[in-house]
Amino acid sequence: MQTDVLIIGAGPGGYRAAEYAAKQGLQVVIVEQAEVGGTCLNRGCIPTKTYVHSATFADAIERMPQVVAQLRAGVEGILAAPGITLLRGKAQFVGPDTVSVCGDAVAADTTVTAKSIVIATGSSAKMPPIAGIDTDTRVMTSTGLLQLQALPRRLCIVGAGVVGMEFASVFQRFGSEVTVVEFLKECLPMLDSDIAKRLRKLLEKRGITFRMKTAVQSLADMDADAILIATGRKPNVSADFAKAGFEYDERKGVTVDDNFQTTVKGIYAIGDVNGRQMLAHAAEMQAVRAVNHILGRRDGIRFDIMPSAIFTEPEAACVGPSEEQLKAQGADYLCRKAFWRSNGKALAMNETEGMLKLFVAASPDGPDAGRILGCHAYGAHAADMVQEVSALMCRDTTLSQLRDMVHIHPTLSEILRAAAE
């Protein structure tokens with residue numbers, strides 16, 4: 001079988017690449033060995049957000065399969081479009097332009113040759129070297145936790161990153177006794193430390209126990225009914241990559257350039273497998289960039305501006321550097337703060353807990369004067385607010401320009417305008 005573009009993996013990056021390439025007139029073959037939609041849809045972003053927005057644990061385990069099935073059907077529809085052929089099986093490189101696909105759904109000798117190949121194999125949970133981790137039946141990753149049919153009375157979470165904090169927030173609300181153990185001095189290292197500390201203190205008041213600056217040596221004495229390992233993810237690389245000849249590292253992922261092309265011309269790696277920005281929306285935009293490069297087109301996608309969100313209760317979000325990073329860079333900046341408690345909509349919603357920090361360039365002269373550098377926040381709908389800042393940053397908006405932009409009253413977005421003023 002020959003095609004213009006071969007895509008390995010049908011997660012957010014893979015199916016977006018397939019959809020976009022087909023719309024540009026390219027013939028696409030996409031290979032997936034598990035469910036379409038990848039980790040995000042089936043075992044990650046979507047299931048966890050269903051839990052976040054469910055009233056009880058029972059509601060969550062009932063709703064989650066329905067939500068996932070509906071969205072998976074949507075992806076199946078995308079991959080059934082003209083110009084796209086979906087092969088269900090395991091893809092393995094046999095050369096720089098050829099892949100063998102095997103599995104129950106395809107013939108054992110199926111090979112696909114393509115002008116361009118896009119690797120979108122995603123990532124998997126990274127397990128730390130802790131004594132007993134491979135034999136303790138209480139240990140699970142986020143996938144296992146989402147499969148539980150009974151609420152654990154005591155849940156211990158190892159790792160206070162995005163996954164750990166989201167599950168801590170939701171399972172405490174469901175009624176579990178939650179303890180979070182973290183090696184670092186603060187949770188959510190991607191967040192400004194002031195924002196992260198305030199969010200952690202709020203969750204502590206709600207009953208979550210945090211043990212910061214604590215290394216787990218053994219699980220034997222851990223007082224818990226379930227233990228979630230949430231210590232990050234590793235790129236899904238494979239030994240057969242060597243047959244294609246491009247550079248990759250088992251820990252860091254596949255080496256790519258700014259067009260997400262590997263060290264072998266015509267082979268691309270997008271999403272978690274390249275280890276750059278492990279976010280579903282990053283994978284989708286990397287897919288667009290890779291296909292554009294295949295087509296010889298230029299685009300204006302700003303990968304240096306990548307917003308992210310943590311869906312605790314309340315949620316947190318950020319774009320651009322934190323204040324600690326700006327200080328480390330020796331940047332000349334100003335920090336403007338605003339609080340949810342001073343906003344009319346937040347008061348009406350009874351959502352007064354939250355703070356926003358807006359960072360702008362302080363240099364009085366030059367083209368960067370007053371340019372927005374970043375925003376970190378926690379509070380109700382913080383992600384929506386940070387998304388606005390992200391859009392403004394993509395157009396190099398300044399603080400004075402933001403001040404002149406009308407914001408609807410009463411809305412939470414007025415908190416951003418208050419910071420600008």
# chains A, B, ... in the order shown; residues from 1 in each chain; ligands from 1
>>> select_by_dssp(residues="segment 4-132 of chain A", states="strand (DSSP E)", output="VMD selection string")
chain A and resid 4 to 8 28 to 32 84 to 88 90 to 95 98 to 103 106 to 119 123 to 125
>>> select_by_dssp(residues="segment 16-177 of chain A", states="alpha helix (DSSP H)", output="PyMOL selection string")
chain A and resi 16-23+38-43+45-52+57-78+142-146+162-174
>>> residues_around(residues="Leu219 of chain A", least_positions_apart="6", cutoff="12 Å", atoms="only C-alpha atoms", output="number ranges by chain")
A: 128-139, 156-158, 181, 225-229
>>> closest_residue(among="A:Ala283, A:Leu202, A:Met306, A:Leu295", to="Gly11 of chain A", atoms="only C-alpha atoms")
A:Ala283
>>> residues_around(residues="segment 404-420 of chain A", least_positions_apart="2", cutoff="9 Å", atoms="only C-alpha atoms", output="ChimeraX atom specification")
/A:335-340,342-346,355-358,380-382,384-386,388-389,399-402
>>> residues_around(residues="Ile46 of chain A", least_positions_apart="6", cutoff="12 Å", atoms="only C-alpha atoms", output="compact mmCIF listing (two decimals) with all heavy atoms, in the first residue's frame")
# COMPACT_ATOMS: atom_id res chain seq x y z
N PRO A 12 -4.87 12.90 19.74
CA PRO A 12 -5.17 14.27 19.31
C PRO A 12 -4.28 14.77 18.18
O PRO A 12 -4.75 15.41 17.24
CB PRO A 12 -4.96 15.09 20.58
CG PRO A 12 -5.19 14.13 21.69
CD PRO A 12 -4.67 12.81 21.19
N GLY A 37 -8.48 8.29 19.46
CA GLY A 37 -8.63 9.35 20.47
C GLY A 37 -7.46 9.42 21.43
O GLY A 37 -7.26 10.44 22.09
N GLY A 38 -6.71 8.33 21.53
CA GLY A 38 -5.51 8.33 22.34
C GLY A 38 -5.78 8.41 23.84
O GLY A 38 -6.91 8.27 24.31
N THR A 39 -4.70 8.64 24.58
CA THR A 39 -4.79 8.72 26.04
C THR A 39 -5.72 9.83 26.48
O THR A 39 -6.53 9.66 27.40
CB THR A 39 -3.39 8.94 26.63
OG1 THR A 39 -2.58 7.79 26.35
CG2 THR A 39 -3.46 9.14 28.14
N CYS A 40 -5.64 10.99 25.84
CA CYS A 40 -6.43 12.15 26.26
C CYS A 40 -7.91 11.83 26.31
O CYS A 40 -8.58 12.06 27.32
CB CYS A 40 -6.17 13.33 25.32
SG CYS A 40 -7.10 14.81 25.77
N VAL A 52 -14.40 15.70 37.26
CA VAL A 52 -14.41 17.05 37.85
C VAL A 52 -15.82 17.62 37.85
O VAL A 52 -16.23 18.30 38.81
CB VAL A 52 -13.44 17.98 37.08
CG1 VAL A 52 -13.68 19.44 37.46
CG2 VAL A 52 -11.99 17.59 37.37
N HIS A 53 -16.58 17.33 36.80
CA HIS A 53 -17.91 17.94 36.65
C HIS A 53 -19.03 16.99 37.04
O HIS A 53 -20.18 17.20 36.64
CB HIS A 53 -18.09 18.45 35.22
CG HIS A 53 -17.17 19.58 34.88
ND1 HIS A 53 -17.34 20.86 35.37
CD2 HIS A 53 -16.04 19.62 34.13
CE1 HIS A 53 -16.37 21.64 34.92
NE2 HIS A 53 -15.57 20.91 34.17
N ALA A 60 -19.94 9.90 38.36
CA ALA A 60 -18.76 9.95 37.50
C ALA A 60 -18.55 8.64 36.75
O ALA A 60 -18.31 8.64 35.54
CB ALA A 60 -17.52 10.30 38.33
N ARG A 63 -21.24 8.33 34.04
CA ARG A 63 -21.17 9.28 32.93
C ARG A 63 -19.93 9.11 32.06
O ARG A 63 -19.98 9.31 30.84
CB ARG A 63 -21.21 10.71 33.44
CG ARG A 63 -22.55 11.16 34.00
CD ARG A 63 -22.50 12.65 34.34
NE ARG A 63 -22.22 13.46 33.16
CZ ARG A 63 -21.18 14.29 33.05
NH1 ARG A 63 -20.30 14.40 34.04
NH2 ARG A 63 -21.02 15.01 31.97
N MET A 64 -18.81 8.76 32.68
CA MET A 64 -17.55 8.75 31.94
C MET A 64 -17.59 7.88 30.68
O MET A 64 -17.21 8.34 29.59
CB MET A 64 -16.39 8.32 32.85
CG MET A 64 -15.04 8.39 32.15
SD MET A 64 -13.70 7.70 33.16
CE MET A 64 -14.11 5.94 33.10
N PRO A 65 -18.05 6.61 30.75
CA PRO A 65 -18.07 5.80 29.53
C PRO A 65 -18.96 6.40 28.44
O PRO A 65 -18.67 6.26 27.25
CB PRO A 65 -18.62 4.45 30.01
CG PRO A 65 -18.39 4.43 31.49
CD PRO A 65 -18.54 5.85 31.92
N GLN A 66 -20.03 7.06 28.84
CA GLN A 66 -20.94 7.65 27.87
C GLN A 66 -20.27 8.83 27.14
O GLN A 66 -20.36 8.94 25.91
CB GLN A 66 -22.21 8.14 28.58
CG GLN A 66 -22.99 7.05 29.28
CD GLN A 66 -24.08 7.60 30.19
OE1 GLN A 66 -24.32 8.81 30.25
NE2 GLN A 66 -24.75 6.71 30.92
N VAL A 67 -19.58 9.66 27.91
CA VAL A 67 -18.89 10.82 27.31
C VAL A 67 -17.78 10.35 26.39
O VAL A 67 -17.63 10.83 25.25
CB VAL A 67 -18.33 11.73 28.42
CG1 VAL A 67 -17.45 12.83 27.82
CG2 VAL A 67 -19.46 12.35 29.24
N VAL A 68 -16.98 9.39 26.87
CA VAL A 68 -15.87 8.88 26.07
C VAL A 68 -16.38 8.23 24.79
O VAL A 68 -15.83 8.46 23.70
CB VAL A 68 -15.03 7.88 26.90
CG1 VAL A 68 -14.03 7.15 26.00
CG2 VAL A 68 -14.29 8.61 28.02
N ALA A 69 -17.43 7.43 24.89
CA ALA A 69 -17.96 6.74 23.72
C ALA A 69 -18.46 7.73 22.67
O ALA A 69 -18.25 7.54 21.46
CB ALA A 69 -19.08 5.79 24.13
N GLN A 70 -19.12 8.78 23.13
CA GLN A 70 -19.65 9.78 22.19
C GLN A 70 -18.52 10.49 21.45
O GLN A 70 -18.58 10.67 20.23
CB GLN A 70 -20.51 10.79 22.95
CG GLN A 70 -21.13 11.86 22.04
CD GLN A 70 -22.06 12.79 22.81
OE1 GLN A 70 -22.51 12.46 23.90
NE2 GLN A 70 -22.34 13.95 22.24
N LEU A 71 -17.49 10.88 22.18
CA LEU A 71 -16.38 11.58 21.56
C LEU A 71 -15.55 10.65 20.67
O LEU A 71 -15.07 11.05 19.62
CB LEU A 71 -15.49 12.22 22.63
CG LEU A 71 -16.15 13.39 23.38
CD1 LEU A 71 -15.28 13.84 24.54
CD2 LEU A 71 -16.41 14.56 22.44
N ARG A 72 -15.40 9.40 21.10
CA ARG A 72 -14.66 8.44 20.29
C ARG A 72 -15.38 8.21 18.96
O ARG A 72 -14.74 8.08 17.91
CB ARG A 72 -14.49 7.12 21.05
CG ARG A 72 -13.52 6.16 20.37
CD ARG A 72 -13.55 4.80 21.05
NE ARG A 72 -13.12 4.88 22.43
CZ ARG A 72 -13.55 4.10 23.41
NH1 ARG A 72 -14.47 3.19 23.16
NH2 ARG A 72 -13.10 4.23 24.64
N LEU A 146 -9.19 5.45 37.26
CA LEU A 146 -10.43 5.73 36.54
C LEU A 146 -11.27 4.48 36.30
O LEU A 146 -12.44 4.58 35.94
CB LEU A 146 -10.12 6.39 35.19
CG LEU A 146 -9.60 7.83 35.26
CD1 LEU A 146 -9.03 8.26 33.92
CD2 LEU A 146 -10.70 8.78 35.70
N ALA A 280 -2.41 18.05 24.96
CA ALA A 280 -3.19 17.63 23.80
C ALA A 280 -3.29 18.74 22.77
O ALA A 280 -3.17 18.50 21.55
CB ALA A 280 -4.60 17.21 24.24
N PHE A 311 -7.26 21.48 36.24
CA PHE A 311 -8.67 21.53 36.59
C PHE A 311 -8.93 20.97 37.99
O PHE A 311 -9.69 20.01 38.19
CB PHE A 311 -9.49 20.82 35.52
CG PHE A 311 -9.46 21.56 34.21
CD1 PHE A 311 -8.57 21.22 33.22
CD2 PHE A 311 -10.30 22.64 34.00
CE1 PHE A 311 -8.51 21.91 32.02
CE2 PHE A 311 -10.27 23.35 32.80
CZ PHE A 311 -9.36 22.99 31.81
>>> closest_residue(among="A:Gly330, A:Gly379, A:Pro82, A:Pro321", to="Phe359 of chain A", atoms="only C-alpha atoms")
A:Pro321
>>> residues_around(residues="segment 301-305 of chain A", least_positions_apart="6", cutoff="9 Å", atoms="only C-alpha atoms", output="PyMOL selection string")
chain A and resi 258+282+285-286+288-289+319-320+374+390-391+393-394
>>> write_last_selection(atoms="N, CA, C and O atoms", output="CSV table (one decimal), in the first residue's frame")
chain,number,residue,atom,x,y,z
A,258,ASP,N,12.1,22.7,14.5
A,258,ASP,CA,10.9,23.6,14.7
A,258,ASP,C,9.7,23.3,13.8
A,258,ASP,O,8.6,23.8,14.1
A,282,ALA,N,-1.2,21.1,22.3
A,282,ALA,CA,0.1,21.3,21.7
A,282,ALA,C,0.3,20.3,20.5
A,282,ALA,O,0.8,20.6,19.4
A,285,MET,N,-1.7,21.4,17.4
A,285,MET,CA,-1.0,22.4,16.6
A,285,MET,C,0.3,22.0,16.0
A,285,MET,O,0.7,22.4,14.9
A,286,GLN,N,1.0,21.1,16.6
A,286,GLN,CA,2.2,20.5,16.0
A,286,GLN,C,1.8,19.7,14.8
A,286,GLN,O,2.6,19.7,13.8
A,288,VAL,N,-0.6,20.4,12.7
A,288,VAL,CA,-0.9,21.4,11.7
A,288,VAL,C,0.5,21.9,11.1
A,288,VAL,O,0.7,22.0,9.9
A,289,ARG,N,1.4,22.2,12.0
A,289,ARG,CA,2.8,22.7,11.5
A,289,ARG,C,3.4,21.6,10.7
A,289,ARG,O,4.0,21.9,9.6
A,319,VAL,N,0.2,31.0,31.2
A,319,VAL,CA,0.8,31.1,29.9
A,319,VAL,C,2.0,32.0,30.1
A,319,VAL,O,2.0,33.0,30.9
A,320,GLY,N,3.1,31.7,29.5
A,320,GLY,CA,4.3,32.4,29.7
A,320,GLY,C,5.1,32.1,31.0
A,320,GLY,O,4.6,31.3,31.8
A,374,GLY,N,3.2,37.3,30.3
A,374,GLY,CA,2.6,36.1,30.8
A,374,GLY,C,1.5,36.4,31.8
A,374,GLY,O,1.4,37.5,32.2
A,390,SER,N,-3.4,34.6,26.3
A,390,SER,CA,-2.6,33.8,25.3
A,390,SER,C,-2.8,34.4,23.9
A,390,SER,O,-1.9,34.6,23.2
A,391,ALA,N,-4.1,34.7,23.6
A,391,ALA,CA,-4.4,35.3,22.3
A,391,ALA,C,-3.8,36.7,22.2
A,391,ALA,O,-3.3,37.0,21.1
A,393,MET,N,-1.1,37.7,23.7
A,393,MET,CA,0.4,37.6,23.6
A,393,MET,C,0.8,37.2,22.2
A,393,MET,O,1.8,37.6,21.7
A,394,CYS,N,-0.1,36.4,21.5
A,394,CYS,CA,0.2,36.0,20.1
A,394,CYS,C,0.3,37.2,19.2
A,394,CYS,O,0.8,37.1,18.1
>>> atom_distance(atom1="atom CA of Arg395 of chain A", atom2="atom CA of Asp194 of chain A")
27.1 Å
>>> closest_residue(among="A:Asp257, A:Glu32, A:Glu247, A:Glu324", to="Ser193 of chain A", atoms="only C-alpha atoms")
A:Glu324
>>> atom_distance(atom1="atom CA of Gly159 of chain A", atom2="atom CA of Glu182 of chain A")
5.0 Å
>>> atom_distance(atom1="atom CA of Glu284 of chain A", atom2="atom CA of Leu26 of chain A")
17.8 Å
>>> closest_residue(among="A:Leu148, A:Ile117, A:Cys45, A:Leu373", to="Ala290 of chain A", atoms="only C-alpha atoms")
A:Ile117
